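Visitor: The structure that follows is given in the form of structure tokens.
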Amino acid sequence: MSGLQLPPSAVDVDYGTLGWGSSRTMSDFEAGMWRLETAEPRLRSTIAAVDVLDTTPDWERLVAAHEWALGIVPRFRMRVVDPPFQLGKPVWSVDPEFDLGYHLRRVRLAEPGTFEAALELCRTIVDRPFDRARPPWEALLIEGLADGRAVYLLKTHHSITDGMGGMQLVTLLHSRRREPTPHKPTGVEPPPEHLSGLGALQEQLTDRVRTLPSAVTASVRTGLQFVRSPAAAIDFTQSLLRMAAPPACPPSPLMRSRGLGRRFGTLEATVDELRAAAKSADGSLNDAYLAALLGGYRRYHEALDAPVSELPIGMPISLRSSADSMGGNRFGVARFAAPVGVTDPAERIRRIRELVLDARAEPAADVLSLAAPALSRLPVAAVARWYLAQTSLIDLQASNVAGIPVPVYMAGARIDRMFPFAPAPGCGVMATLVSHTGVCCIGVTIDTAAVTDPDLFLSCLSEGLDEVLALGRRKPRKRGARR
């Protein structure tokens, strides 16, 4: 796992050419994330980052930092305008009544200020649905932690960006120095817009007429590729069927329910520790991470007298290329039957390695985006019921996002930990790993209807992680030595 490329300092970035979140119109896939939760609240798509700061930043400086960022990334001044009757895609439009004071707030914990109390407060904030008439993001500075530390929460809607796009954003906006950066480039505040739903629809109809020739040409080119290579067409079709099919094992008997309740938990290990454990079993850091989670699942099921050998899990796969614009969403999801019952952590890593390599090689990994245009033409309520039925078959989704390898600062405070919390839209548990300055920060979002004993579950996950990390601490066996 490699970190993102970080510029030497803010003054070395040409912010005018960034274009982060430059697309005015949502993709069909993003439109689905925005609309489905209106029909089924269990499909809410809120993502959050919980940063642990080494000190409490100056409030005025933090506000100024957000004002600067809003000039660099206009998307965060924009609300969503949806055409009537789903006749077009949602459009990003500059909020004519934008108020930073609504989106950025501060609060102080009662003594004794603990990280656990701050995390629970973050969970309650993330649980609340967005005001859909405003730009869908909120930030909160939590003061009053022990030793003068603080926690910063950034909550955004998934339709803005995926995990990798979010890391692109924070990599570019966070400073590499505690002191203020002089002569920092600034952006131009976009003029407010008074766009209506009908106006958004008219925009898209005009754009569709303008781009119709190029769209037809692209469709013909794709069709000709399949005609010229029937074998590739057959491989793609078979891959599409595999990707669309549910995992070849039943869900957990303990985790059948789905609800609105959430619980946050965290795990951490150094990158070196997890990488050493992976290397001992000829796997990658991601393989060792998945093996640790599955070890926790095995312990949880055994503790509740319901042992299982396999469980269905999902794994988001980034589909970004260097040619893709920054921000937005470009990922697919692979689903497979995971070897939960394998007690040897090294063998579990090896088994996972095979499954992950097969999943990444699927030609139709982008099945979600491929299906989105057709699904967007159907009634939202019907699609929401279908999607929830599909995601409810998944007991765990586990994501791994390359983070920032060097220290970064926010208004003079160093970010010591960066815990990510992705939504669990229908799945029982969503775990996300971000590597930050040599530490694997793992955020766990638990559906409390699926996991009825979250304290036990988090304890089991911690034991599963310890079990995998122990592999890296074993002394290698000398060649020729007997077992």
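Chain labels A, B, ... are given in the sequence in which chains occur in the structure tokens; within each chain residues are numbered consecutively from 1, and ligands are likewise numbered from 1 in the order shown.
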Determine which residues of region 430-468 of chain A receive a DSSP assignment of alpha helix (DSSP H), computed from the backbone, and state them as a ChimeraX atom specification.
Guide: /A:454-468
Visitor: Could those selected residues go to a file with C-alpha atoms, as a PDB file, in the first residue's frame?
Guide:
ATOM      1  CA  PRO A 454     -21.150  -4.424  19.798  1.00  0.00           C
ATOM      2  CA  ASP A 455     -18.815  -4.387  22.814  1.00  0.00           C
ATOM      3  CA  LEU A 456     -18.142  -8.105  22.432  1.00  0.00           C
ATOM      4  CA  PHE A 457     -17.805  -7.710  18.673  1.00  0.00           C
ATOM      5  CA  LEU A 458     -15.201  -4.930  18.943  1.00  0.00           C
ATOM      6  CA  SER A 459     -13.281  -6.958  21.514  1.00  0.00           C
ATOM      7  CA  CYS A 460     -13.264  -9.918  19.123  1.00  0.00           C
ATOM      8  CA  LEU A 461     -12.017  -7.710  16.273  1.00  0.00           C
ATOM      9  CA  SER A 462      -9.178  -6.492  18.486  1.00  0.00           C
ATOM     10  CA  GLU A 463      -8.225 -10.096  19.276  1.00  0.00           C
ATOM     11  CA  GLY A 464      -8.359 -10.974  15.585  1.00  0.00           C
ATOM     12  CA  LEU A 465      -5.973  -8.122  14.825  1.00  0.00           C
ATOM     13  CA  ASP A 466      -3.587  -9.182  17.609  1.00  0.00           C
ATOM     14  CA  GLU A 467      -3.619 -12.743  16.259  1.00  0.00           C
ATOM     15  CA  VAL A 468      -2.554 -11.595  12.793  1.00  0.00           C
TER      16      VAL A 468
END
Visitor: Contacts of Ala248 (chain A) at 8 Å or less, counting only C-alpha atoms, minus same-chain residues fewer than 4 places along, as a list of chain:residue names?
Guide: A:Pro312, A:Phe336, A:Ala337
Visitor: Output C-alpha atoms for every residue in the selection just made, as a PDB file, in the first residue's frame.
Guide:
ATOM      1  CA  PRO A 312     -20.347 -13.220   2.492  1.00  0.00           C
ATOM      2  CA  PHE A 336     -17.156 -13.367  -2.271  1.00  0.00           C
ATOM      3  CA  ALA A 337     -17.429 -16.082   0.360  1.00  0.00           C
TER       4      ALA A 337
END
Visitor: List every residue of region 274-402 of chain A that DSSP, applied to the backbone of this structure, places in strand (DSSP E), and write the result as an mmCIF file with C-alpha atoms, in the first residue's frame.
Guide:
data_model
loop_
_atom_site.group_PDB
_atom_site.id
_atom_site.type_symbol
_atom_site.label_atom_id
_atom_site.label_comp_id
_atom_site.auth_asym_id
_atom_site.auth_seq_id
_atom_site.Cartn_x
_atom_site.Cartn_y
_atom_site.Cartn_z
ATOM 1 C CA LEU A 311 -19.453 -15.530 5.409
ATOM 2 C CA PRO A 312 -20.347 -13.220 2.492
ATOM 3 C CA ILE A 313 -18.245 -10.072 2.396
ATOM 4 C CA GLY A 314 -17.826 -7.165 -0.002
ATOM 5 C CA MET A 315 -14.665 -5.290 -0.907
ATOM 6 C CA PRO A 316 -14.737 -1.901 -2.673
ATOM 7 C CA ILE A 317 -12.259 -1.744 -5.549
ATOM 8 C CA SER A 318 -10.934 1.607 -6.761
ATOM 9 C CA PHE A 331 -15.220 2.333 -7.485
ATOM 10 C CA GLY A 332 -16.772 -1.090 -7.802
ATOM 11 C CA VAL A 333 -17.550 -3.739 -5.192
ATOM 12 C CA ALA A 334 -16.445 -7.373 -5.310
ATOM 13 C CA ARG A 335 -18.387 -9.940 -3.303
ATOM 14 C CA PHE A 336 -17.156 -13.367 -2.271
ATOM 15 C CA ALA A 337 -17.429 -16.082 0.360
ATOM 16 C CA ALA A 338 -14.719 -15.399 2.939
ATOM 17 C CA LEU A 396 -18.992 -7.224 6.128
ATOM 18 C CA GLN A 397 -17.655 -4.655 3.721
ATOM 19 C CA ALA A 398 -13.980 -3.815 4.133
ATOM 20 C CA SER A 399 -12.229 -0.937 2.392
ATOM 21 C CA ASN A 400 -8.552 0.053 2.361
ATOM 22 C CA VAL A 401 -7.533 3.579 1.296
#
Visitor: Find the residues near Arg377 (chain A): any atom within 10 Å, counting only C-alpha atoms, skip ones fewer than 6 places away on the same chain, and give them as a ChimeraX atom specification.
Guide: /A:28,86-88,383
Visitor: Between CA of Ile125 (chain A) and CA of Arg108 (chain A), what is the distance, to one decimal in Å?
Guide: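 Between CA of Ile125 (chain A) and CA of Arg108 (chain A) the gap is 14.4 Å.
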Visitor: A:Leu293, A:Leu100, A:Val126, A:Ala402: which is nearest Glu67 (chain A), counting only C-alpha atoms?
Guide: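 Distance minimum relative to Glu67 (chain A) lands on A:Leu100.
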Visitor: I need the residue nearest Pro57 (chain A) from this list: A:Pro136, A:Pro213, A:Gly148, A:Gly428. Use only C-alpha atoms for the distance.
Guide: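 Looking at the shortest contact to Pro57 (chain A), the residue is A:Gly148.
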Visitor: Extract, using only C-alpha atoms, all DNA, RNA and protein residues at most 12 Å from Asp344 (chain A), discarding same-chain residues fewer than 6 positions from it, and format them as a PDB file with C-alpha atoms, in the first residue's frame.
Guide:
ATOM      1  CA  ALA A 281       2.246 -15.540   4.827  1.00  0.00           C
ATOM      2  CA  ALA A 291      -7.665 -11.791   7.754  1.00  0.00           C
ATOM      3  CA  ALA A 292      -7.698  -9.847  11.025  1.00  0.00           C
ATOM      4  CA  LEU A 294     -12.377 -12.355   9.684  1.00  0.00           C
ATOM      5  CA  GLY A 295     -10.565 -13.644  12.753  1.00  0.00           C
ATOM      6  CA  ARG A 298     -14.898 -16.116  13.889  1.00  0.00           C
ATOM      7  CA  ARG A 350      -3.193 -17.085   1.802  1.00  0.00           C
ATOM      8  CA  ARG A 351      -6.811 -18.015   1.114  1.00  0.00           C
ATOM      9  CA  GLY A 464      -8.359 -10.974  15.585  1.00  0.00           C
ATOM     10  CA  GLU A 467      -3.619 -12.743  16.259  1.00  0.00           C
ATOM     11  CA  VAL A 468      -2.554 -11.595  12.793  1.00  0.00           C
ATOM     12  CA  ALA A 470       1.664 -11.977  16.071  1.00  0.00           C
ATOM     13  CA  LEU A 471       2.649 -13.582  12.758  1.00  0.00           C
TER      14      LEU A 471
END
Visitor: Looking at A:Asp324, A:Asp416, A:Glu37, A:Glu111, which one is nearest to Asp54 (chain A), with distances taken over only C-alpha atoms?
Guide: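 Checking each candidate against Asp54 (chain A), we get A:Asp416 as the closest.
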Visitor: Using only C-alpha atoms, determine which residues lie at most 10 Å from Ala450 (chain A), disregarding the query and same-chain residues fewer than 6 positions distant; provide the list as a PyMOL selection string.
Guide: chain A and resi 252-259+261-262+392+395+426-429
Visitor: Take the residues from that selection and put them in a file with N, CA and C atoms, as a PDB file, in the first residue's frame.
Guide:
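Writing done, so here's result38.pdb:
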ATOM      1  N   SER A 252     -24.662 -14.659   7.849  1.00  0.00           N
ATOM      2  CA  SER A 252     -24.565 -15.090   9.243  1.00  0.00           C
ATOM      3  C   SER A 252     -25.946 -15.264   9.866  1.00  0.00           C
ATOM      4  N   PRO A 253     -26.161 -16.343  10.629  1.00  0.00           N
ATOM      5  CA  PRO A 253     -27.439 -16.498  11.320  1.00  0.00           C
ATOM      6  C   PRO A 253     -27.620 -15.490  12.448  1.00  0.00           C
ATOM      7  N   LEU A 254     -26.529 -14.843  12.875  1.00  0.00           N
ATOM      8  CA  LEU A 254     -26.610 -13.875  13.970  1.00  0.00           C
ATOM      9  C   LEU A 254     -26.853 -12.451  13.494  1.00  0.00           C
ATOM     10  N   MET A 255     -26.671 -12.188  12.200  1.00  0.00           N
ATOM     11  CA  MET A 255     -26.631 -10.808  11.718  1.00  0.00           C
ATOM     12  C   MET A 255     -27.664 -10.570  10.620  1.00  0.00           C
ATOM     13  N   ARG A 256     -28.854 -11.091  10.793  1.00  0.00           N
ATOM     14  CA  ARG A 256     -29.856 -11.031   9.733  1.00  0.00           C
ATOM     15  C   ARG A 256     -30.610  -9.715   9.705  1.00  0.00           C
ATOM     16  N   SER A 257     -30.725  -9.031  10.829  1.00  0.00           N
ATOM     17  CA  SER A 257     -31.511  -7.794  10.884  1.00  0.00           C
ATOM     18  C   SER A 257     -30.689  -6.603  10.414  1.00  0.00           C
ATOM     19  N   ARG A 258     -31.374  -5.579   9.933  1.00  0.00           N
ATOM     20  CA  ARG A 258     -30.753  -4.332   9.538  1.00  0.00           C
ATOM     21  C   ARG A 258     -31.597  -3.185  10.091  1.00  0.00           C
ATOM     22  N   GLY A 259     -30.937  -2.133  10.565  1.00  0.00           N
ATOM     23  CA  GLY A 259     -31.661  -1.018  11.153  1.00  0.00           C
ATOM     24  C   GLY A 259     -30.942   0.292  10.963  1.00  0.00           C
ATOM     25  N   GLY A 261     -29.663   2.071  13.756  1.00  0.00           N
ATOM     26  CA  GLY A 261     -28.712   2.276  14.841  1.00  0.00           C
ATOM     27  C   GLY A 261     -27.281   2.020  14.392  1.00  0.00           C
ATOM     28  N   ARG A 262     -26.362   2.854  14.858  1.00  0.00           N
ATOM     29  CA  ARG A 262     -24.956   2.705  14.511  1.00  0.00           C
ATOM     30  C   ARG A 262     -24.091   2.792  15.770  1.00  0.00           C
ATOM     31  N   SER A 392     -28.143  -6.510   2.073  1.00  0.00           N
ATOM     32  CA  SER A 392     -28.405  -7.215   3.329  1.00  0.00           C
ATOM     33  C   SER A 392     -27.821  -8.623   3.335  1.00  0.00           C
ATOM     34  N   ASP A 395     -22.388  -9.469   5.137  1.00  0.00           N
ATOM     35  CA  ASP A 395     -22.164  -9.283   6.573  1.00  0.00           C
ATOM     36  C   ASP A 395     -21.044  -8.299   6.868  1.00  0.00           C
ATOM     37  N   GLY A 426     -26.989  -1.192   4.365  1.00  0.00           N
ATOM     38  CA  GLY A 426     -27.557  -2.526   4.200  1.00  0.00           C
ATOM     39  C   GLY A 426     -26.659  -3.638   4.677  1.00  0.00           C
ATOM     40  N   CYS A 427     -25.342  -3.443   4.700  1.00  0.00           N
ATOM     41  CA  CYS A 427     -24.455  -4.491   5.193  1.00  0.00           C
ATOM     42  C   CYS A 427     -24.378  -4.417   6.722  1.00  0.00           C
ATOM     43  N   GLY A 428     -23.950  -5.518   7.346  1.00  0.00           N
ATOM     44  CA  GLY A 428     -23.921  -5.557   8.805  1.00  0.00           C
ATOM     45  C   GLY A 428     -22.863  -4.668   9.407  1.00  0.00           C
ATOM     46  N   VAL A 429     -21.678  -4.664   8.805  1.00  0.00           N
ATOM     47  CA  VAL A 429     -20.540  -3.901   9.329  1.00  0.00           C
ATOM     48  C   VAL A 429     -19.740  -3.341   8.161  1.00  0.00           C
TER      49      VAL A 429
END
